[in-house]
Amino acid sequence: RLIRVFLKQSYPYALLILLMSFYNRIDSVMIERLLPGQLGREQAGIYAQAFRLLDAFAMFGVLFAGLLLPIFARMIKQKEAVGQMVQFSFLLIIVPAILIAVSANFYGLNIMQLFYVEHIQKSAPIFGILMIGFLGIVTTYIFGTLLTANGSLKQLNLMAFAGMVINMALNFVLVPKMMATGSAWASLVTQILTAVAQVLIAMSVFRFKVNYLLILKLTGFTLFTILAAKLSLFLENWIFGFSLLLAAGFGYAFASRLISLKTIFLIIKNKAE
């Protein structure tokens with residue numbers, strides 16, 4: 001009886017993990033299956049080169065989500081307002097994610113050359129596309145974690161199932177035409193759509209209001225980062241240009257108070273409690 005109760009309570013979480021794993025990691029498999037023979041294996045390998053770097057960056061988000069889950073769960077249980085904590089944690093992860101995504105699209109070739117020797121010219125653009133989708137992934141780490149802490153598993157599973165269907169459908173359409181690049185676009189669209197869906201679900205469940213000022217500030221930060229990246233390309237040494245881009249991005253973020261040390265201390269304090 002206890003086992004039956006345990007399975008009944010845990011299967012929605014297992015189903016969610018399964019569905020999200022499908023639309024997060026099925027791309028390489030579909031590339032190999034949808035393209036013939038050696039071409040399929042080659043394109044899957046090219047995609048995998050870019051995806052490994054995305055996966056490495058995503059691990060930091062996983063650790064951050066693990067830190068937030070008990071905080072959100074405690075706050076919800078004690079019926080505390082979670083809006084401010086959600087905003088603080090979202091900014092703390094989306095600002096570096098925007099900076100990384102822009103950097104990947106301007107310095108992708110240089111970054112790929114640090115890790116690989118073959119097919120760099122083909123995998124670098126795919127890396128840039130996947131890192132734009134990374135913005136959706138880190139958004140999921142915040143709002144998906146919040147909804148999980150709230151026990152909103154039905155909505156999350158429906159979202160994940162829709163994401164799996166969208167991802168597979170896009171792969172079927174795009175991979176035969178665009179090969180590995182098509183799969184990267186399928187991943188990007190899926191990640192952004194599922195992230196938006198989770199934000200909308202969270203806004204409905206917790207009655208969050210749209211923060212137009214925050215959206216404006218993030219838009220300004222993104223445009224500044226793109227401009228800084230373009231200007232950094234004029235420097236002959238790419239490592240110096242890349243480092244200057246990161247410094248300028250974080251400098252702008254702190255100057256505009258998108259992120260602050262106070263925010264970091266607040267999250268650590270809530271974790272300690």
# chains A, B, ... in the order shown; residues from 1 in each chain; ligands from 1
call {"tool": "closest_atom_pairs", "arguments": {"of": "segment 181-237 of chain A", "to": "segment 88-102 of chain A", "cutoff": "7 Å", "atoms": "only C-alpha atoms", "output": "CSV"}}
result
residue,atom,partner,partner_atom,distance
A:Thr222,CA,A:Ile98,CA,6.7
A:Thr225,CA,A:Leu99,CA,6.7
A:Ile226,CA,A:Val102,CA,6.4
call {"tool": "residues_around", "arguments": {"residues": "Ala104 of chain A", "least_positions_apart": "3", "cutoff": "9 Å", "atoms": "only C-alpha atoms", "output": "number ranges by chain"}}
result
A: 99-101, 107-109, 111, 124-125, 127-129, 131-132
call {"tool": "closest_atom_pairs", "arguments": {"of": "segment 44-74 of chain A", "to": "segment 139-154 of chain A", "cutoff": "12 Å", "atoms": "only C-alpha atoms", "output": "tab-separated table"}}
result
residue	atom	partner	partner_atom	distance
A:Ala58	CA	A:Tyr141	CA	9.4
A:Met59	CA	A:Tyr141	CA	10.7
A:Phe60	CA	A:Tyr141	CA	10.2
A:Gly61	CA	A:Tyr141	CA	6.5
A:Val62	CA	A:Tyr141	CA	7.0
A:Leu63	CA	A:Tyr141	CA	9.5
A:Phe64	CA	A:Tyr141	CA	7.8
A:Ala65	CA	A:Tyr141	CA	5.5
A:Gly66	CA	A:Thr145	CA	8.3
A:Leu67	CA	A:Thr145	CA	9.9
A:Leu68	CA	A:Thr145	CA	7.3
A:Leu69	CA	A:Thr145	CA	5.9
A:Pro70	CA	A:Ala149	CA	7.6
A:Ile71	CA	A:Ala149	CA	8.8
A:Phe72	CA	A:Ala149	CA	6.1
A:Ala73	CA	A:Ala149	CA	4.8
A:Arg74	CA	A:Ala149	CA	8.6
